[in-house]
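Undergrad: This is the content of work.cif (mmCIF, N, CA, C and O atoms):
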```cif
data_target
#
loop_
_atom_site.label_atom_id
_atom_site.label_comp_id
_atom_site.auth_asym_id
_atom_site.auth_seq_id
_atom_site.Cartn_x
_atom_site.Cartn_y
_atom_site.Cartn_z
N MET A 269 -149.98 -25.53 -21.03
CA MET A 269 -150.58 -24.53 -21.90
C MET A 269 -150.04 -23.14 -21.54
O MET A 269 -150.01 -22.76 -20.38
N ASN A 270 -149.61 -22.41 -22.52
CA ASN A 270 -149.12 -21.06 -22.31
C ASN A 270 -150.31 -20.10 -22.30
O ASN A 270 -150.97 -19.93 -23.31
N LEU A 271 -150.55 -19.50 -21.16
CA LEU A 271 -151.69 -18.61 -21.01
C LEU A 271 -151.44 -17.24 -21.64
O LEU A 271 -152.37 -16.53 -21.98
N ARG A 272 -150.21 -16.88 -21.81
CA ARG A 272 -149.88 -15.53 -22.28
C ARG A 272 -150.04 -15.40 -23.79
O ARG A 272 -149.42 -16.12 -24.55
N ASN A 273 -150.91 -14.45 -24.18
CA ASN A 273 -151.03 -14.10 -25.59
C ASN A 273 -151.65 -12.71 -25.69
O ASN A 273 -152.04 -12.11 -24.69
N GLU A 274 -151.72 -12.20 -26.89
CA GLU A 274 -152.18 -10.83 -27.12
C GLU A 274 -153.62 -10.60 -26.66
O GLU A 274 -153.94 -9.56 -26.09
N GLN A 275 -154.49 -11.57 -26.90
CA GLN A 275 -155.89 -11.43 -26.51
C GLN A 275 -156.04 -11.37 -24.99
O GLN A 275 -156.81 -10.58 -24.46
N ILE A 276 -155.29 -12.21 -24.30
CA ILE A 276 -155.37 -12.21 -22.84
C ILE A 276 -154.74 -10.95 -22.27
O ILE A 276 -155.26 -10.35 -21.32
N ASP A 277 -153.64 -10.49 -22.86
CA ASP A 277 -153.06 -9.20 -22.46
C ASP A 277 -154.10 -8.09 -22.60
O ASP A 277 -154.23 -7.24 -21.71
N GLN A 278 -154.83 -8.11 -23.69
CA GLN A 278 -155.87 -7.10 -23.93
C GLN A 278 -156.94 -7.17 -22.84
O GLN A 278 -157.35 -6.15 -22.29
N LEU A 279 -157.39 -8.39 -22.51
CA LEU A 279 -158.39 -8.57 -21.46
C LEU A 279 -157.89 -8.02 -20.14
O LEU A 279 -158.59 -7.26 -19.46
N PHE A 280 -156.68 -8.39 -19.77
CA PHE A 280 -156.13 -7.93 -18.49
C PHE A 280 -155.93 -6.43 -18.46
O PHE A 280 -156.15 -5.78 -17.43
N ASN A 281 -155.53 -5.84 -19.57
CA ASN A 281 -155.40 -4.39 -19.63
C ASN A 281 -156.74 -3.70 -19.45
O ASN A 281 -156.83 -2.65 -18.79
N VAL A 282 -157.79 -4.27 -20.02
CA VAL A 282 -159.13 -3.71 -19.82
C VAL A 282 -159.51 -3.79 -18.35
O VAL A 282 -160.01 -2.83 -17.76
N ILE A 283 -159.26 -4.95 -17.72
CA ILE A 283 -159.59 -5.12 -16.30
C ILE A 283 -158.81 -4.13 -15.45
O ILE A 283 -159.37 -3.49 -14.55
N LEU A 284 -157.53 -3.96 -15.75
CA LEU A 284 -156.72 -3.00 -15.00
C LEU A 284 -157.21 -1.57 -15.16
O LEU A 284 -157.01 -0.74 -14.28
N GLY A 285 -157.88 -1.29 -16.26
CA GLY A 285 -158.39 0.05 -16.51
C GLY A 285 -159.74 0.35 -15.89
O GLY A 285 -160.18 1.50 -15.90
N LEU A 286 -160.40 -0.66 -15.34
CA LEU A 286 -161.69 -0.43 -14.69
C LEU A 286 -161.47 0.45 -13.46
O LEU A 286 -160.54 0.22 -12.69
N GLU A 287 -162.30 1.46 -13.30
CA GLU A 287 -162.02 2.47 -12.29
C GLU A 287 -162.90 2.39 -11.05
O GLU A 287 -162.64 3.08 -10.07
N SER A 288 -163.94 1.58 -11.07
CA SER A 288 -164.83 1.53 -9.91
C SER A 288 -165.46 0.14 -9.81
O SER A 288 -165.44 -0.64 -10.77
N ILE A 289 -166.06 -0.11 -8.68
CA ILE A 289 -166.80 -1.36 -8.49
C ILE A 289 -167.92 -1.43 -9.53
O ILE A 289 -168.18 -2.49 -10.11
N GLU A 290 -168.59 -0.31 -9.77
CA GLU A 290 -169.68 -0.28 -10.75
C GLU A 290 -169.17 -0.64 -12.13
O GLU A 290 -169.81 -1.40 -12.86
N ASP A 291 -167.99 -0.11 -12.52
CA ASP A 291 -167.37 -0.50 -13.80
C ASP A 291 -167.15 -2.01 -13.85
O ASP A 291 -167.40 -2.65 -14.88
N CYS A 292 -166.69 -2.59 -12.75
CA CYS A 292 -166.45 -4.03 -12.69
C CYS A 292 -167.75 -4.80 -12.84
O CYS A 292 -167.80 -5.78 -13.60
N TYR A 293 -168.79 -4.38 -12.12
CA TYR A 293 -170.08 -5.06 -12.25
C TYR A 293 -170.57 -5.03 -13.70
O TYR A 293 -171.01 -6.05 -14.23
N GLN A 294 -170.49 -3.88 -14.33
CA GLN A 294 -170.97 -3.75 -15.71
C GLN A 294 -170.16 -4.63 -16.66
O GLN A 294 -170.72 -5.36 -17.48
N PHE A 295 -168.85 -4.57 -16.55
CA PHE A 295 -167.99 -5.32 -17.46
C PHE A 295 -168.14 -6.82 -17.25
O PHE A 295 -168.36 -7.57 -18.20
N PHE A 296 -168.01 -7.27 -16.00
CA PHE A 296 -168.07 -8.70 -15.74
C PHE A 296 -169.46 -9.28 -15.97
O PHE A 296 -169.59 -10.44 -16.37
N ASP A 297 -170.50 -8.48 -15.78
CA ASP A 297 -171.86 -8.94 -16.08
C ASP A 297 -172.01 -9.20 -17.57
O ASP A 297 -172.69 -10.14 -17.97
N ASP A 298 -171.38 -8.39 -18.40
CA ASP A 298 -171.40 -8.62 -19.84
C ASP A 298 -170.46 -9.75 -20.26
O ASP A 298 -170.77 -10.51 -21.17
N LEU A 299 -169.33 -9.85 -19.61
CA LEU A 299 -168.29 -10.80 -20.01
C LEU A 299 -168.57 -12.23 -19.55
O LEU A 299 -168.34 -13.19 -20.30
N CYS A 300 -169.08 -12.39 -18.34
CA CYS A 300 -169.21 -13.70 -17.71
C CYS A 300 -170.67 -14.02 -17.40
O CYS A 300 -171.50 -13.12 -17.30
N THR A 301 -170.92 -15.29 -17.18
CA THR A 301 -172.22 -15.67 -16.66
C THR A 301 -172.24 -15.37 -15.16
O THR A 301 -171.17 -15.24 -14.52
N ILE A 302 -173.43 -15.29 -14.61
CA ILE A 302 -173.54 -15.08 -13.16
C ILE A 302 -172.82 -16.21 -12.42
O ILE A 302 -172.10 -15.96 -11.45
N LYS A 303 -172.97 -17.42 -12.90
CA LYS A 303 -172.32 -18.58 -12.26
C LYS A 303 -170.80 -18.44 -12.28
O LYS A 303 -170.13 -18.74 -11.28
N GLU A 304 -170.24 -17.98 -13.38
CA GLU A 304 -168.79 -17.80 -13.45
C GLU A 304 -168.30 -16.75 -12.45
O GLU A 304 -167.28 -16.95 -11.79
N ILE A 305 -169.04 -15.67 -12.32
CA ILE A 305 -168.67 -14.62 -11.37
C ILE A 305 -168.77 -15.17 -9.94
O ILE A 305 -167.86 -14.96 -9.12
N LEU A 306 -169.85 -15.87 -9.64
CA LEU A 306 -170.02 -16.46 -8.31
C LEU A 306 -168.93 -17.47 -8.01
O LEU A 306 -168.39 -17.50 -6.90
N ASP A 307 -168.58 -18.29 -9.00
CA ASP A 307 -167.52 -19.28 -8.81
C ASP A 307 -166.19 -18.61 -8.48
O ASP A 307 -165.47 -19.05 -7.57
N MET A 308 -165.85 -17.56 -9.19
CA MET A 308 -164.59 -16.85 -8.92
C MET A 308 -164.60 -16.23 -7.52
O MET A 308 -163.61 -16.31 -6.79
N ALA A 309 -165.73 -15.64 -7.14
CA ALA A 309 -165.84 -15.02 -5.81
C ALA A 309 -165.72 -16.08 -4.72
O ALA A 309 -165.05 -15.87 -3.70
N GLN A 310 -166.34 -17.25 -4.94
CA GLN A 310 -166.25 -18.33 -3.96
C GLN A 310 -164.83 -18.87 -3.84
O GLN A 310 -164.36 -19.17 -2.74
N ARG A 311 -164.13 -18.97 -4.93
CA ARG A 311 -162.74 -19.46 -4.89
C ARG A 311 -161.85 -18.49 -4.12
O ARG A 311 -160.99 -18.91 -3.34
N LEU A 312 -162.05 -17.20 -4.34
CA LEU A 312 -161.27 -16.22 -3.60
C LEU A 312 -161.59 -16.31 -2.12
O LEU A 312 -160.69 -16.26 -1.27
N GLU A 313 -162.87 -16.44 -1.78
CA GLU A 313 -163.26 -16.57 -0.37
C GLU A 313 -162.65 -17.84 0.24
O GLU A 313 -162.17 -17.81 1.38
N ALA A 314 -162.64 -18.93 -0.51
CA ALA A 314 -162.02 -20.16 -0.02
C ALA A 314 -160.53 -19.95 0.22
O ALA A 314 -160.00 -20.40 1.24
N ALA A 315 -159.86 -19.26 -0.68
CA ALA A 315 -158.43 -18.98 -0.51
C ALA A 315 -158.19 -18.16 0.75
O ALA A 315 -157.26 -18.44 1.52
N LYS A 316 -159.02 -17.15 0.97
CA LYS A 316 -158.89 -16.33 2.19
C LYS A 316 -159.02 -17.20 3.44
O LYS A 316 -158.24 -17.08 4.38
N ARG A 317 -160.04 -18.04 3.44
CA ARG A 317 -160.29 -18.87 4.62
C ARG A 317 -159.20 -19.93 4.81
O ARG A 317 -158.82 -20.23 5.95
N LEU A 318 -158.70 -20.51 3.73
CA LEU A 318 -157.58 -21.44 3.84
C LEU A 318 -156.37 -20.74 4.42
O LEU A 318 -155.67 -21.28 5.29
N HIS A 319 -156.11 -19.54 3.95
CA HIS A 319 -154.99 -18.74 4.44
C HIS A 319 -155.12 -18.46 5.94
O HIS A 319 -154.13 -18.38 6.65
N GLN A 320 -156.37 -18.35 6.41
CA GLN A 320 -156.64 -18.11 7.83
C GLN A 320 -156.58 -19.40 8.65
O GLN A 320 -156.69 -19.37 9.87
N GLY A 321 -156.45 -20.55 7.97
CA GLY A 321 -156.32 -21.81 8.67
C GLY A 321 -157.61 -22.60 8.84
O GLY A 321 -157.63 -23.61 9.55
N GLN A 322 -158.67 -22.19 8.19
CA GLN A 322 -159.92 -22.94 8.30
C GLN A 322 -159.81 -24.27 7.56
O GLN A 322 -159.04 -24.40 6.61
N ASN A 323 -160.60 -25.25 8.00
CA ASN A 323 -160.55 -26.56 7.36
C ASN A 323 -161.54 -26.65 6.20
O ASN A 323 -162.47 -25.86 6.09
N TYR A 324 -161.32 -27.65 5.37
CA TYR A 324 -162.11 -27.82 4.14
C TYR A 324 -163.60 -27.93 4.42
O TYR A 324 -164.41 -27.34 3.71
N LEU A 325 -163.98 -28.74 5.41
CA LEU A 325 -165.40 -28.97 5.66
C LEU A 325 -166.11 -27.69 6.09
O LEU A 325 -167.23 -27.41 5.65
N ALA A 326 -165.47 -26.91 6.94
CA ALA A 326 -166.07 -25.64 7.38
C ALA A 326 -166.22 -24.69 6.20
O ALA A 326 -167.26 -24.05 6.04
N ILE A 327 -165.19 -24.61 5.37
CA ILE A 327 -165.24 -23.74 4.20
C ILE A 327 -166.34 -24.20 3.25
O ILE A 327 -167.13 -23.38 2.75
N SER A 328 -166.41 -25.50 3.01
CA SER A 328 -167.41 -26.04 2.10
C SER A 328 -168.82 -25.68 2.58
O SER A 328 -169.66 -25.24 1.79
N LYS A 329 -169.05 -25.86 3.85
CA LYS A 329 -170.37 -25.58 4.42
C LYS A 329 -170.70 -24.08 4.38
O LYS A 329 -171.80 -23.69 3.99
N GLU A 330 -169.75 -23.25 4.76
CA GLU A 330 -169.99 -21.81 4.88
C GLU A 330 -169.99 -21.09 3.53
O GLU A 330 -170.72 -20.13 3.33
N VAL A 331 -169.16 -21.53 2.60
CA VAL A 331 -169.02 -20.85 1.31
C VAL A 331 -169.92 -21.49 0.25
O VAL A 331 -170.31 -20.84 -0.71
N GLY A 332 -170.22 -22.78 0.44
CA GLY A 332 -171.10 -23.46 -0.49
C GLY A 332 -170.40 -24.01 -1.73
O GLY A 332 -170.96 -24.02 -2.82
N ILE A 333 -169.15 -24.47 -1.55
CA ILE A 333 -168.42 -25.08 -2.66
C ILE A 333 -167.93 -26.46 -2.24
O ILE A 333 -167.85 -26.76 -1.05
N SER A 334 -167.59 -27.26 -3.22
CA SER A 334 -167.17 -28.63 -2.94
C SER A 334 -165.76 -28.66 -2.35
O SER A 334 -164.95 -27.75 -2.57
N THR A 335 -165.49 -29.74 -1.63
CA THR A 335 -164.14 -29.91 -1.11
C THR A 335 -163.14 -30.13 -2.24
O THR A 335 -161.96 -29.80 -2.09
N ALA A 336 -163.59 -30.65 -3.38
CA ALA A 336 -162.70 -30.81 -4.54
C ALA A 336 -162.24 -29.43 -5.05
O ALA A 336 -161.06 -29.24 -5.37
N THR A 337 -163.16 -28.47 -5.11
CA THR A 337 -162.80 -27.11 -5.53
C THR A 337 -161.86 -26.49 -4.50
O THR A 337 -160.87 -25.83 -4.85
N ILE A 338 -162.15 -26.70 -3.23
CA ILE A 338 -161.30 -26.16 -2.17
C ILE A 338 -159.90 -26.76 -2.27
O ILE A 338 -158.90 -26.05 -2.11
N SER A 339 -159.82 -28.04 -2.59
CA SER A 339 -158.52 -28.69 -2.76
C SER A 339 -157.73 -28.06 -3.90
O SER A 339 -156.52 -27.83 -3.77
N ARG A 340 -158.41 -27.75 -4.99
CA ARG A 340 -157.74 -27.10 -6.12
C ARG A 340 -157.26 -25.70 -5.73
O ARG A 340 -156.15 -25.29 -6.06
N VAL A 341 -158.09 -24.96 -5.01
CA VAL A 341 -157.71 -23.63 -4.54
C VAL A 341 -156.50 -23.74 -3.62
O VAL A 341 -155.54 -22.97 -3.72
N SER A 342 -156.52 -24.73 -2.73
CA SER A 342 -155.41 -24.94 -1.80
C SER A 342 -154.12 -25.22 -2.55
O SER A 342 -153.06 -24.69 -2.20
N LYS A 343 -154.21 -26.07 -3.57
CA LYS A 343 -153.03 -26.38 -4.38
C LYS A 343 -152.46 -25.11 -5.02
O LYS A 343 -151.25 -24.87 -5.00
N CYS A 344 -153.34 -24.28 -5.57
CA CYS A 344 -152.89 -23.03 -6.19
C CYS A 344 -152.33 -22.07 -5.14
O CYS A 344 -151.33 -21.39 -5.38
N LEU A 345 -152.98 -22.03 -3.99
CA LEU A 345 -152.53 -21.15 -2.91
C LEU A 345 -151.13 -21.53 -2.44
O LEU A 345 -150.28 -20.67 -2.21
N ASN A 346 -150.89 -22.82 -2.35
CA ASN A 346 -149.61 -23.30 -1.82
C ASN A 346 -148.51 -23.50 -2.86
O ASN A 346 -147.33 -23.37 -2.54
N TYR A 347 -148.90 -23.84 -4.10
CA TYR A 347 -147.89 -24.19 -5.10
C TYR A 347 -148.04 -23.43 -6.41
O TYR A 347 -147.32 -23.71 -7.36
N GLY A 348 -148.95 -22.46 -6.45
CA GLY A 348 -149.21 -21.73 -7.68
C GLY A 348 -148.24 -20.58 -7.88
O GLY A 348 -147.12 -20.57 -7.35
N ASN A 349 -148.69 -19.60 -8.61
CA ASN A 349 -147.86 -18.46 -8.98
C ASN A 349 -147.91 -17.30 -7.99
O ASN A 349 -147.31 -16.26 -8.24
N GLY A 350 -148.62 -17.46 -6.89
CA GLY A 350 -148.68 -16.42 -5.87
C GLY A 350 -149.82 -15.42 -6.07
O GLY A 350 -149.91 -14.44 -5.34
N GLY A 351 -150.68 -15.68 -7.04
CA GLY A 351 -151.78 -14.76 -7.31
C GLY A 351 -152.76 -14.65 -6.16
O GLY A 351 -153.18 -13.55 -5.79
N TYR A 352 -153.14 -15.80 -5.59
CA TYR A 352 -154.05 -15.76 -4.44
C TYR A 352 -153.41 -15.02 -3.27
O TYR A 352 -154.05 -14.20 -2.62
N LYS A 353 -152.15 -15.34 -3.00
CA LYS A 353 -151.48 -14.71 -1.85
C LYS A 353 -151.41 -13.20 -2.03
O LYS A 353 -151.67 -12.45 -1.08
N SER A 354 -151.09 -12.73 -3.22
CA SER A 354 -151.04 -11.28 -3.47
C SER A 354 -152.42 -10.66 -3.29
O SER A 354 -152.55 -9.58 -2.69
N ALA A 355 -153.43 -11.33 -3.80
CA ALA A 355 -154.80 -10.81 -3.68
C ALA A 355 -155.23 -10.74 -2.21
O ALA A 355 -155.83 -9.75 -1.77
N ILE A 356 -154.92 -11.78 -1.45
CA ILE A 356 -155.28 -11.81 -0.03
C ILE A 356 -154.55 -10.71 0.73
O ILE A 356 -155.14 -10.03 1.58
N GLU A 357 -153.28 -10.51 0.43
CA GLU A 357 -152.53 -9.43 1.07
C GLU A 357 -153.16 -8.07 0.78
O GLU A 357 -153.27 -7.22 1.67
N ARG A 358 -153.59 -7.87 -0.48
CA ARG A 358 -154.27 -6.61 -0.84
C ARG A 358 -155.57 -6.45 -0.08
O ARG A 358 -155.89 -5.38 0.41
N LEU A 359 -156.34 -7.55 -0.02
CA LEU A 359 -157.61 -7.50 0.71
C LEU A 359 -157.39 -7.19 2.18
O LEU A 359 -158.10 -6.37 2.77
N ASN A 360 -156.38 -7.83 2.79
CA ASN A 360 -156.10 -7.59 4.20
C ASN A 360 -155.66 -6.15 4.43
O ASN A 360 -156.04 -5.54 5.43
N LYS A 361 -154.88 -5.60 3.51
CA LYS A 361 -154.44 -4.21 3.62
C LYS A 361 -155.63 -3.26 3.50
O LYS A 361 -155.73 -2.29 4.24
N ASP A 362 -156.54 -3.55 2.58
CA ASP A 362 -157.72 -2.71 2.37
C ASP A 362 -158.69 -2.76 3.55
O ASP A 362 -159.39 -1.79 3.82
N GLU A 363 -158.73 -3.90 4.26
CA GLU A 363 -159.64 -4.05 5.39
C GLU A 363 -159.15 -3.31 6.62
O GLU A 363 -159.92 -3.10 7.54
N LYS A 364 -157.89 -2.94 6.66
CA LYS A 364 -157.33 -2.26 7.84
C LYS A 364 -157.56 -0.78 7.77
O LYS A 364 -157.93 -0.14 6.94
#
```
What is this structure when it is put down as structure tokens?

TA:
Amino acid sequence: MNLRNEQIDQLFNVILGLESIEDCYQFFDDLCTIKEILDMAQRLEAAKRLHQGQNYLAISKEVGISTATISRVSKCLNYGNGGYKSAIERLNKDEK
């Protein structure tokens, strides 16, 4: 499936234009369900922990997601388009 289209470009441009955490909370609260937001946050946390070398069971217990979801995140982290890796690098840079 080709993810690229005008509507998705528009969505991403709106996201890129958000200027604060509060803007993000307002926009994503309107756009997504609470569960969708939590799921995305958990996947990012799983990617961070996988990148740090943690094992699936520890991540599952600490983050509260299934090992099947962690496996999917791991596949994307290792064989995807590099989105998780770029995000983790940004997070690591911001934490320093």

Undergrad: From chain A, collect each residue whose DSSP state is alpha helix (DSSP H) and return the set as a PyMOL selection string.

TA: chain A and resi 274-285+289-299+302-319+324-331+335-347+351-363

Undergrad: Skip stretch 298-315 of chain A itself and residues of its chain fewer than 6 positions away, then list as a list in words all residues within 8 Å of it, counting only N, CA, C and O atoms.

TA: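 In the requested format, the answer is Asp291, Cys292, Gly321, Gln322, Asn323, Ile327, Ser328, Val331, Gly332, Ile333, Thr337, Ile338, Val341, Ser342, Leu345, Tyr352, Lys353, Ala355 and Ile356 of chain A.
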
Undergrad: To one decimal place, how far is atom O of A:Leu279 from atom O of A:Asn360 in Å?

TA: 25.1 Å

Undergrad: What gap, in Å, lies between atom C of A:Asn270 and atom N of A:Asn349?

TA: 13.8 Å

Undergrad: Can you work out the spacing between atom O of A:Phe296 and atom CA of A:Tyr347 in Å, to one decimal?

TA: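 One can read the atom O of A:Phe296 to atom CA of A:Tyr347 distance as 28.1 Å.
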
Undergrad: Adding 6 Å on each side of the box along x, y and z that holds all listed atoms of stretch 310-317 of chain A, could you give its centre and edge lengths in Å to one decimal, as AutoDock Vina command-line options?

TA:
```
--center_x -161.8 --center_y -18.3 --center_z 0.5 --size_x 21.1 --size_y 16.2 --size_z 22.9
```
